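K.L.:
So here's coords-v9.tsv (TSV, C-alpha atoms).
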chain	number	residue	atom	x	y	z
F	1	MET	CA	17.81	49.21	72.72
F	2	CYS	CA	15.17	51.90	72.25
F	3	GLU	CA	17.14	53.36	69.35
F	4	LYS	CA	17.40	49.95	67.69
F	5	ASN	CA	13.66	49.43	68.05
F	6	GLN	CA	13.00	52.81	66.45
F	7	GLN	CA	15.31	51.95	63.55
F	8	LEU	CA	13.54	48.59	63.10
F	9	ILE	CA	10.14	50.29	63.12
F	10	GLY	CA	11.41	52.83	60.60
F	11	HIS	CA	12.65	50.07	58.28
F	12	LEU	CA	9.34	48.20	58.57
F	13	GLU	CA	7.37	51.34	57.79
F	14	GLU	CA	9.55	52.04	54.77
F	15	MET	CA	9.11	48.44	53.58
F	16	ARG	CA	5.36	48.77	53.98
F	17	ASN	CA	5.36	51.97	51.92
F	18	ARG	CA	7.42	50.33	49.17
F	19	ILE	CA	5.05	47.35	49.07
F	20	ILE	CA	2.02	49.65	48.91
F	21	ILE	CA	3.53	51.59	46.00
F	22	THR	CA	4.21	48.31	44.18
F	23	LEU	CA	0.68	47.01	44.76
F	24	VAL	CA	-0.90	50.29	43.65
F	25	SER	CA	1.24	50.18	40.50
F	26	PHE	CA	0.16	46.59	39.83
F	27	ILE	CA	-3.51	47.52	40.17
F	28	GLY	CA	-3.05	50.56	37.92
F	29	PHE	CA	-1.33	48.51	35.21
F	30	LEU	CA	-4.01	45.81	35.64
F	31	ILE	CA	-6.67	48.37	34.78
F	32	VAL	CA	-4.68	49.54	31.75
F	33	GLY	CA	-4.17	45.94	30.67
F	34	PHE	CA	-7.87	45.22	30.98
F	35	ILE	CA	-8.67	48.25	28.80
F	36	PHE	CA	-6.45	46.91	26.00
F	37	VAL	CA	-7.07	43.20	26.63
F	38	LYS	CA	-9.18	42.59	23.52
F	39	PRO	CA	-6.38	43.48	21.06
F	40	ILE	CA	-4.00	41.34	23.16
F	41	TYR	CA	-6.48	38.44	23.07
F	42	GLU	CA	-6.95	38.72	19.31
F	43	TRP	CA	-3.19	38.79	18.73
F	44	LEU	CA	-2.63	35.68	20.85
F	45	ILE	CA	-5.28	33.63	19.00
F	46	ARG	CA	-4.30	34.86	15.53
F	47	GLY	CA	-2.78	31.49	14.57
F	48	LEU	CA	-5.69	29.30	15.65
F	49	ASP	CA	-7.77	27.64	12.96
F	50	THR	CA	-10.85	27.56	15.15
F	51	GLN	CA	-12.59	29.78	17.65
F	52	LEU	CA	-12.15	29.08	21.35
F	53	ALA	CA	-15.18	27.88	23.27
F	54	VAL	CA	-16.43	29.19	26.59
F	55	LEU	CA	-18.40	27.13	29.10
F	56	GLY	CA	-20.04	30.02	30.88
F	57	PRO	CA	-20.54	33.79	30.75
F	58	SER	CA	-17.89	34.42	33.39
F	59	GLU	CA	-15.14	32.37	31.71
F	60	ILE	CA	-14.17	34.99	29.15
F	61	LEU	CA	-13.97	37.59	31.93
F	62	TRP	CA	-11.60	35.30	33.83
F	63	VAL	CA	-9.47	34.87	30.70
F	64	TYR	CA	-9.31	38.64	30.20
F	65	LEU	CA	-8.25	39.06	33.84
F	66	MET	CA	-5.46	36.49	33.42
F	67	LEU	CA	-4.09	38.25	30.36
F	68	ALA	CA	-4.35	41.66	31.99
F	69	ALA	CA	-2.58	40.29	35.08
F	70	VAL	CA	0.38	39.06	32.99
F	71	PHE	CA	0.59	42.47	31.31
F	72	SER	CA	0.47	44.13	34.72
F	73	MET	CA	3.12	41.78	36.11
F	74	ALA	CA	5.53	42.64	33.29
F	75	ALA	CA	4.89	46.38	33.60
F	76	THR	CA	5.28	46.31	37.39
F	77	ILE	CA	8.71	44.66	37.33
F	78	PRO	CA	10.61	47.97	36.89
F	79	VAL	CA	8.55	49.54	39.69
F	80	THR	CA	9.19	46.59	42.00
F	81	ALA	CA	12.91	46.61	41.22
F	82	PHE	CA	13.13	50.36	41.77
F	83	GLN	CA	11.33	50.15	45.12
F	84	LEU	CA	13.67	47.36	46.20
F	85	TRP	CA	16.63	49.47	45.13
F	86	ARG	CA	15.30	52.47	47.08
F	87	PHE	CA	14.94	50.26	50.16
F	88	VAL	CA	18.52	48.95	50.09
F	89	ALA	CA	20.13	52.10	48.65
F	90	PRO	CA	20.98	53.69	52.06
F	91	ALA	CA	23.23	50.70	52.83
F	92	LEU	CA	25.13	51.03	49.52
F	93	SER	CA	27.99	53.27	48.51
F	94	GLN	CA	27.49	55.93	45.85
F	95	GLU	CA	29.18	53.76	43.23
F	96	GLU	CA	27.11	50.70	44.20
F	97	ARG	CA	23.91	52.73	43.89
F	98	LYS	CA	24.78	53.75	40.35
F	99	VAL	CA	25.71	50.22	39.32
F	100	THR	CA	22.72	48.45	40.89
F	101	LEU	CA	20.32	51.03	39.44
F	102	ARG	CA	21.31	49.82	35.97
F	103	PHE	CA	19.94	46.37	36.77
F	104	ILE	CA	16.34	47.58	36.63
F	105	PRO	CA	15.94	47.83	32.81
F	106	ALA	CA	17.73	44.47	32.45
F	107	MET	CA	15.18	42.79	34.75
F	108	PHE	CA	12.32	44.08	32.60
F	109	PHE	CA	13.83	42.96	29.30
F	110	LEU	CA	14.88	39.56	30.66
F	111	PHE	CA	11.30	38.93	31.79
F	112	LEU	CA	10.05	39.80	28.30
F	113	PHE	CA	12.74	37.59	26.74
F	114	GLY	CA	11.66	34.69	28.96
F	115	LEU	CA	8.03	35.18	27.93
F	116	ALA	CA	9.08	35.27	24.27
F	117	PHE	CA	11.10	32.06	24.68
F	118	GLY	CA	8.13	30.27	26.21
F	119	TYR	CA	5.57	31.64	23.75
F	120	PHE	CA	7.42	31.39	20.44
F	121	LEU	CA	9.48	28.23	21.04
F	122	LEU	CA	8.18	26.06	23.84
F	123	PHE	CA	4.43	26.66	23.68
F	124	PRO	CA	3.89	25.76	19.98
F	125	LEU	CA	6.19	22.75	20.31
F	126	VAL	CA	4.39	21.31	23.32
F	127	LEU	CA	0.93	22.17	21.98
F	128	GLY	CA	1.75	20.53	18.65
F	129	PHE	CA	2.98	17.40	20.39
F	130	LEU	CA	-0.13	17.10	22.56
F	131	THR	CA	-2.56	17.73	19.70
F	132	SER	CA	-0.77	15.15	17.56
F	133	LEU	CA	-1.65	12.51	20.15
F	134	SER	CA	-5.36	13.01	19.47
F	135	GLU	CA	-5.21	12.73	15.67
F	136	GLY	CA	-7.65	10.07	14.50
F	137	GLN	CA	-8.64	9.23	18.08
F	138	PHE	CA	-10.38	12.26	19.61
F	139	GLU	CA	-12.14	15.40	18.53
F	140	MET	CA	-10.06	18.25	19.93
F	141	MET	CA	-11.94	21.29	21.26
F	142	PHE	CA	-10.17	24.16	23.00
F	143	THR	CA	-11.91	26.19	25.67
F	144	ALA	CA	-10.61	29.71	26.25
F	145	ASP	CA	-9.88	29.02	29.91
F	146	LYS	CA	-7.93	25.79	29.32
F	147	TYR	CA	-6.05	27.20	26.32
F	148	PHE	CA	-4.81	30.34	28.05
F	149	ARG	CA	-4.05	28.57	31.31
F	150	PHE	CA	-1.86	26.18	29.35
F	151	MET	CA	-0.23	29.07	27.46
F	152	LEU	CA	0.53	31.00	30.66
F	153	ASN	CA	1.94	27.87	32.32
F	154	MET	CA	4.35	27.58	29.38
F	155	THR	CA	5.41	31.25	29.37
F	156	VAL	CA	5.18	33.04	32.73
F	157	PRO	CA	7.52	30.64	34.62
F	158	PHE	CA	10.20	31.29	32.01
F	159	GLY	CA	9.74	35.03	32.35
F	160	LEU	CA	10.56	34.61	36.03
F	161	LEU	CA	13.36	32.06	35.52
F	162	PHE	CA	15.11	34.30	33.01
F	163	GLU	CA	15.53	36.85	35.82
F	164	MET	CA	18.05	34.50	37.45
F	165	PRO	CA	21.27	36.09	36.06
F	166	ILE	CA	20.35	39.64	37.01
F	167	VAL	CA	19.12	38.62	40.48
F	168	VAL	CA	22.36	36.72	41.11
F	169	LEU	CA	24.33	39.70	39.86
F	170	PHE	CA	22.44	42.03	42.18
F	171	LEU	CA	22.84	39.78	45.23
F	172	THR	CA	26.54	39.32	44.49
F	173	ARG	CA	26.95	43.06	44.29
F	174	LEU	CA	25.36	43.33	47.75
F	175	GLY	CA	27.64	40.61	49.11
F	176	ILE	CA	24.84	38.13	49.79
F	177	LEU	CA	25.93	35.64	47.12
F	178	ASN	CA	29.27	34.72	45.61
F	179	PRO	CA	30.45	32.34	42.85
F	180	ILE	CA	31.90	29.93	45.41
F	181	ARG	CA	28.46	29.27	46.92
F	182	LEU	CA	26.88	28.99	43.50
F	183	ARG	CA	29.44	26.41	42.35
F	184	LYS	CA	28.95	24.37	45.52
F	185	ALA	CA	25.18	24.41	44.93
F	186	ARG	CA	25.52	23.50	41.24
F	187	LYS	CA	24.50	19.82	41.55
F	188	PHE	CA	21.47	20.65	43.67
F	189	ALA	CA	20.49	23.52	41.36
F	190	TYR	CA	20.81	21.27	38.31
F	191	PHE	CA	18.62	18.65	39.95
F	192	VAL	CA	15.93	21.22	40.81
F	193	MET	CA	15.94	22.65	37.28
F	194	VAL	CA	15.71	19.19	35.71
F	195	VAL	CA	12.73	18.36	37.93
F	196	ILE	CA	11.04	21.65	36.99
F	197	SER	CA	11.66	20.99	33.30
F	198	VAL	CA	10.21	17.48	33.45
F	199	LEU	CA	7.14	18.65	35.36
F	200	ILE	CA	6.18	21.45	32.95
F	201	THR	CA	6.81	19.60	29.69
F	202	PRO	CA	5.15	16.58	28.08
F	203	PRO	CA	6.85	13.20	28.45
F	204	ASP	CA	9.11	13.36	25.42
F	205	PHE	CA	12.88	13.79	25.29
F	206	LEU	CA	12.95	16.72	22.85
F	207	SER	CA	10.72	18.97	24.96
F	208	ASP	CA	12.72	18.19	28.09
F	209	VAL	CA	16.00	19.06	26.39
F	210	LEU	CA	14.62	22.31	24.95
F	211	VAL	CA	13.69	23.42	28.46
F	212	ILE	CA	16.61	22.01	30.44
F	213	LEU	CA	19.40	23.41	28.27
F	214	PRO	CA	18.36	27.09	28.56
F	215	LEU	CA	17.91	26.75	32.33
F	216	LEU	CA	21.34	25.18	32.81
F	217	THR	CA	22.84	27.83	30.53
F	218	LEU	CA	21.20	30.56	32.61
F	219	TYR	CA	22.70	29.10	35.77
F	220	GLU	CA	26.19	28.97	34.26
F	221	ILE	CA	25.80	32.55	32.99
F	222	SER	CA	24.76	33.54	36.51
F	223	ILE	CA	27.93	31.95	37.94
F	224	SER	CA	30.12	33.76	35.40
F	225	LEU	CA	28.49	37.11	36.10
F	226	SER	CA	28.73	36.51	39.84
F	227	SER	CA	32.44	35.66	39.50
F	228	PHE	CA	33.09	38.83	37.49
F	229	VAL	CA	31.33	41.06	40.02
F	230	TYR	CA	32.87	39.23	42.97
F	231	LYS	CA	36.41	39.75	41.65
F	232	LYS	CA	35.70	43.44	41.13
F	233	ARG	CA	34.40	43.74	44.69
F	234	LEU	CA	37.48	42.04	46.10
F	235	ALA	CA	39.77	44.28	44.05
F	236	ALA	CA	37.91	47.41	45.17
F	237	GLU	CA	38.04	46.35	48.82
F	238	SER	CA	41.74	45.51	48.53
F	239	SER	CA	42.58	48.87	46.95
F	240	SER	CA	40.59	50.76	49.60
F	241	GLN	CA	42.37	48.90	52.38
F	242	SER	CA	45.77	49.64	50.81
F	243	ALA	CA	44.88	53.33	50.52
F	244	ALA	CA	43.88	53.38	54.18
Step by step, read the file and then write its structure as structure tokens.

P.N.:
Amino acid sequence: MCEKNQQLIGHLEEMRNRIIITLVSFIGFLIVGFIFVKPIYEWLIRGLDTQLAVLGPSEILWVYLMLAAVFSMAATIPVTAFQLWRFVAPALSQEERKVTLRFIPAMFFLFLFGLAFGYFLLFPLVLGFLTSLSEGQFEMMFTADKYFRFMLNMTVPFGLLFEMPIVVLFLTRLGILNPIRLRKARKFAYFVMVVISVLITPPDFLSDVLVILPLLTLYEISISLSSFVYKKRLAAESSSQSAA
């Protein structure tokens, strides 16, 4: 019992150290992002026909912090994934360590791809739809805070959702998930993704479809990847048992 307690304490201490490293990395990247936030801001508003308004001296600082935080989040993903890998690596075989280590770059690029999907496709579509509702009825004025909050709501969730295939692949490799469970949960997962899509898009059919279809496709890709990895695991376990 004493030995088990010592092992548990050791695991908790290691987890704490990994979390501290991740948080320090996030803060470091946040500082870097804040240093370069003005060029980022200018690039993001390059297509606007009018300047954004601010309602107080602290609002622009808050906007800069939001943009720097998104930059920091993207840059910290490889660090977070590597720390997670280091934490679970002792429980993996040498081959599993090599394979799972390759997931880290994929997580980073999938996050960026999700951001790009939200920013270049969904955000202009939804913004155009909402602004068209005010034509001839209201005078539209964008504040910096409202504009960037809306932009981040349309992009950051997709950066996280696009991590689904690689997370499923990683968990399948560890034996936590398998394609059988994913197929059984398909109806519930579809329902959850449809609800998410409806909540984050305006009430028109086109926007809902443009969000729902990629999410459902991501789930099906996740099932296919999980099935591929699961079959390889079963084959490896079967061959090792036959050799024994």

K.L.:
Tell me, as a PyMOL selection string, which residues lie within 12 Å of F:Asn178, counting only C-alpha atoms; anything in the same chain fewer than 6 positions away does not count.

P.N.:
chain F and resi 168-172+184-185+222-234

K.L.:
Set the distance at 7 Å and use all atoms listed in the file: which residues neighbour stretch 31-34 of chain F once local chain neighbours fewer than 6 positions away are removed? I'd like the list as a CSV table (one decimal) with C-alpha atoms, in the coordinates of the input.

P.N.:
chain,number,residue,atom,x,y,z
F,64,TYR,CA,-9.3,38.6,30.2
F,65,LEU,CA,-8.2,39.1,33.8
F,68,ALA,CA,-4.4,41.7,32.0
F,71,PHE,CA,0.6,42.5,31.3
F,72,SER,CA,0.5,44.1,34.7

K.L.:
Give me, please, the distance in Å between atom CA of F:Phe162 and atom CA of F:Arg102, quoted to one decimal.

P.N.:
17.0 Å

K.L.:
Provide the atom CA of F:Gly159 to atom CA of F:Leu115 distance in Å, to one decimal place.

P.N.:
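Answer for the atom CA of F:Gly159 to atom CA of F:Leu115 separation: 4.7 Å.
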
K.L.:
Box along x, y and z, 8 Å on every side, all listed atoms of stretch 181-185 of chain F inside: centre and edge lengths in Å to one decimal, as AutoDock Vina command-line options.

P.N.:
--center_x 27.3 --center_y 26.8 --center_z 44.6 --size_x 20.3 --size_y 20.9 --size_z 20.6

K.L.:
Please list as a list of chain:residue names every residue within 12 Å of F:Arg86, counting all atoms listed in the file and excluding residues in the same chain fewer than 5 positions away.

P.N.:
F:His11, F:Glu14, F:Met15, F:Asn17, F:Arg18, F:Ile19, F:Ile21, F:Val79, F:Thr80, F:Ala81, F:Ala91, F:Leu92, F:Arg97, F:Lys98, F:Thr100, F:Leu101, F:Ile104

K.L.:
Any chance you could tabulate, as a Markdown table, the residues of stretch 95-141 of chain F at most 6 Å from stretch 150-155 of chain F with each one's nearest atom pair and distance in Å to one decimal, using all atoms listed in the file, in chain and rising number order?

P.N.:
| residue | atom | partner | partner_atom | distance |
| --- | --- | --- | --- | --- |
| F:Leu115 | CA | F:Thr155 | CA | 4.9 |
| F:Gly118 | CA | F:Thr155 | CA | 4.3 |
| F:Tyr119 | CA | F:Thr155 | CA | 5.6 |
| F:Phe123 | CA | F:Met154 | CA | 5.8 |

K.L.:
Using only C-alpha atoms, which of the listed residues (F:Leu216, F:Ile45, F:Ile27, F:Leu210) sits closest to F:Val126?

P.N.:
F:Leu210

K.L.:
For a test of reading the model, state the distance in Å between atom CA of F:Glu237 and atom CA of F:Arg183, rounded to one decimal.

P.N.:
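Taking atom CA of F:Glu237 and atom CA of F:Arg183, their separation equals 22.7 Å.
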
K.L.:
Quick one: of F:Pro124, F:Pro165, F:Gly136, F:Gly56, who's nearest to F:Ala106, counting all atoms listed in the file?

P.N.:
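That would be F:Pro165, the residue with the smallest distance to F:Ala106.
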
K.L.:
List the spatial neighbours of F:Leu48 as a PyMOL selection string - criterion: any atom at most 12 Å away, only C-alpha atoms, same-chain residues fewer than 3 positions off excluded.

P.N.:
chain F and resi 41-45+51-52+124+127-128+141-142+144+147

K.L.:
Of the residues F:Leu23, F:Ser197, F:Ala235, F:Arg173, which is the one nearest to F:Glu95, using only C-alpha atoms?

P.N.:
F:Arg173

K.L.:
My list of candidates is F:Phe87, F:Phe82, F:Ser25, F:Trp62. Which is closest to F:Leu12 when distances are computed with all atoms listed in the file?

P.N.:
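For F:Leu12, the nearest of the candidates is F:Phe87.
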
K.L.:
Can you work out which one of F:Leu218, F:Ile9, F:Ala53, F:Ala75 has the shortest atom-to-atom distance to F:Glu163, counting all atoms listed in the file?

P.N.:
F:Leu218

K.L.:
Can you sort out stretch 147-170 of chain F so it carries N, CA, C and O atoms, written as a CSV table (one decimal), keeping the file's coordinate frame?

P.N.:
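Result saved to part.csv:
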chain,number,residue,atom,x,y,z
F,147,TYR,N,-7.1,26.8,27.3
F,147,TYR,CA,-6.0,27.2,26.3
F,147,TYR,C,-5.1,28.2,26.9
F,147,TYR,O,-3.9,28.1,26.8
F,148,PHE,N,-5.7,29.3,27.5
F,148,PHE,CA,-4.8,30.3,28.0
F,148,PHE,C,-4.1,29.9,29.4
F,148,PHE,O,-3.0,30.4,29.6
F,149,ARG,N,-4.7,29.1,30.1
F,149,ARG,CA,-4.0,28.6,31.3
F,149,ARG,C,-2.8,27.8,30.9
F,149,ARG,O,-1.7,27.9,31.5
F,150,PHE,N,-3.0,27.0,29.9
F,150,PHE,CA,-1.9,26.2,29.4
F,150,PHE,C,-0.8,27.1,28.8
F,150,PHE,O,0.4,26.9,29.0
F,151,MET,N,-1.2,28.1,28.0
F,151,MET,CA,-0.2,29.1,27.5
F,151,MET,C,0.6,29.8,28.6
F,151,MET,O,1.8,29.9,28.5
F,152,LEU,N,-0.1,30.3,29.6
F,152,LEU,CA,0.5,31.0,30.7
F,152,LEU,C,1.5,30.1,31.5
F,152,LEU,O,2.5,30.5,31.9
F,153,ASN,N,1.1,28.8,31.6
F,153,ASN,CA,1.9,27.9,32.3
F,153,ASN,C,3.2,27.6,31.5
F,153,ASN,O,4.3,27.3,32.1
F,154,MET,N,3.2,27.8,30.2
F,154,MET,CA,4.4,27.6,29.4
F,154,MET,C,5.2,28.8,29.2
F,154,MET,O,6.3,28.8,28.6
F,155,THR,N,4.7,30.0,29.6
F,155,THR,CA,5.4,31.2,29.4
F,155,THR,C,5.8,32.0,30.6
F,155,THR,O,7.0,32.4,30.8
F,156,VAL,N,4.9,32.2,31.6
F,156,VAL,CA,5.2,33.0,32.7
F,156,VAL,C,6.3,32.5,33.6
F,156,VAL,O,7.2,33.2,34.0
F,157,PRO,N,6.4,31.1,33.8
F,157,PRO,CA,7.5,30.6,34.6
F,157,PRO,C,8.9,31.0,34.0
F,157,PRO,O,9.8,31.2,34.7
F,158,PHE,N,8.9,31.0,32.7
F,158,PHE,CA,10.2,31.3,32.0
F,158,PHE,C,10.5,32.8,32.1
F,158,PHE,O,11.7,33.2,32.1
F,159,GLY,N,9.5,33.6,32.1
F,159,GLY,CA,9.7,35.0,32.4
F,159,GLY,C,10.4,35.3,33.7
F,159,GLY,O,11.3,36.1,33.8
F,160,LEU,N,10.0,34.5,34.7
F,160,LEU,CA,10.6,34.6,36.0
F,160,LEU,C,11.9,33.9,36.1
F,160,LEU,O,12.9,34.5,36.7
F,161,LEU,N,12.1,32.8,35.5
F,161,LEU,CA,13.4,32.1,35.5
F,161,LEU,C,14.5,32.8,34.8
F,161,LEU,O,15.6,32.7,35.2
F,162,PHE,N,14.1,33.6,33.8
F,162,PHE,CA,15.1,34.3,33.0
F,162,PHE,C,15.6,35.5,33.8
F,162,PHE,O,16.6,36.2,33.4
F,163,GLU,N,15.0,35.8,34.9
F,163,GLU,CA,15.5,36.8,35.8
F,163,GLU,C,16.7,36.4,36.6
F,163,GLU,O,17.4,37.2,37.3
F,164,MET,N,17.0,35.1,36.6
F,164,MET,CA,18.0,34.5,37.4
F,164,MET,C,19.4,35.2,37.3
F,164,MET,O,20.0,35.6,38.4
F,165,PRO,N,19.9,35.5,36.1
F,165,PRO,CA,21.3,36.1,36.1
F,165,PRO,C,21.3,37.5,36.7
F,165,PRO,O,22.3,37.8,37.4
F,166,ILE,N,20.3,38.3,36.5
F,166,ILE,CA,20.4,39.6,37.0
F,166,ILE,C,20.1,39.6,38.5
F,166,ILE,O,20.7,40.5,39.2
F,167,VAL,N,19.3,38.7,39.0
F,167,VAL,CA,19.1,38.6,40.5
F,167,VAL,C,20.4,38.2,41.2
F,167,VAL,O,20.8,38.7,42.2
F,168,VAL,N,21.1,37.2,40.6
F,168,VAL,CA,22.4,36.7,41.1
F,168,VAL,C,23.4,37.8,41.1
F,168,VAL,O,24.2,38.0,42.0
F,169,LEU,N,23.4,38.6,40.0
F,169,LEU,CA,24.3,39.7,39.9
F,169,LEU,C,24.1,40.7,40.9
F,169,LEU,O,25.0,41.3,41.6
F,170,PHE,N,22.8,41.0,41.2
F,170,PHE,CA,22.4,42.0,42.2
F,170,PHE,C,22.8,41.6,43.6
F,170,PHE,O,23.4,42.3,44.4
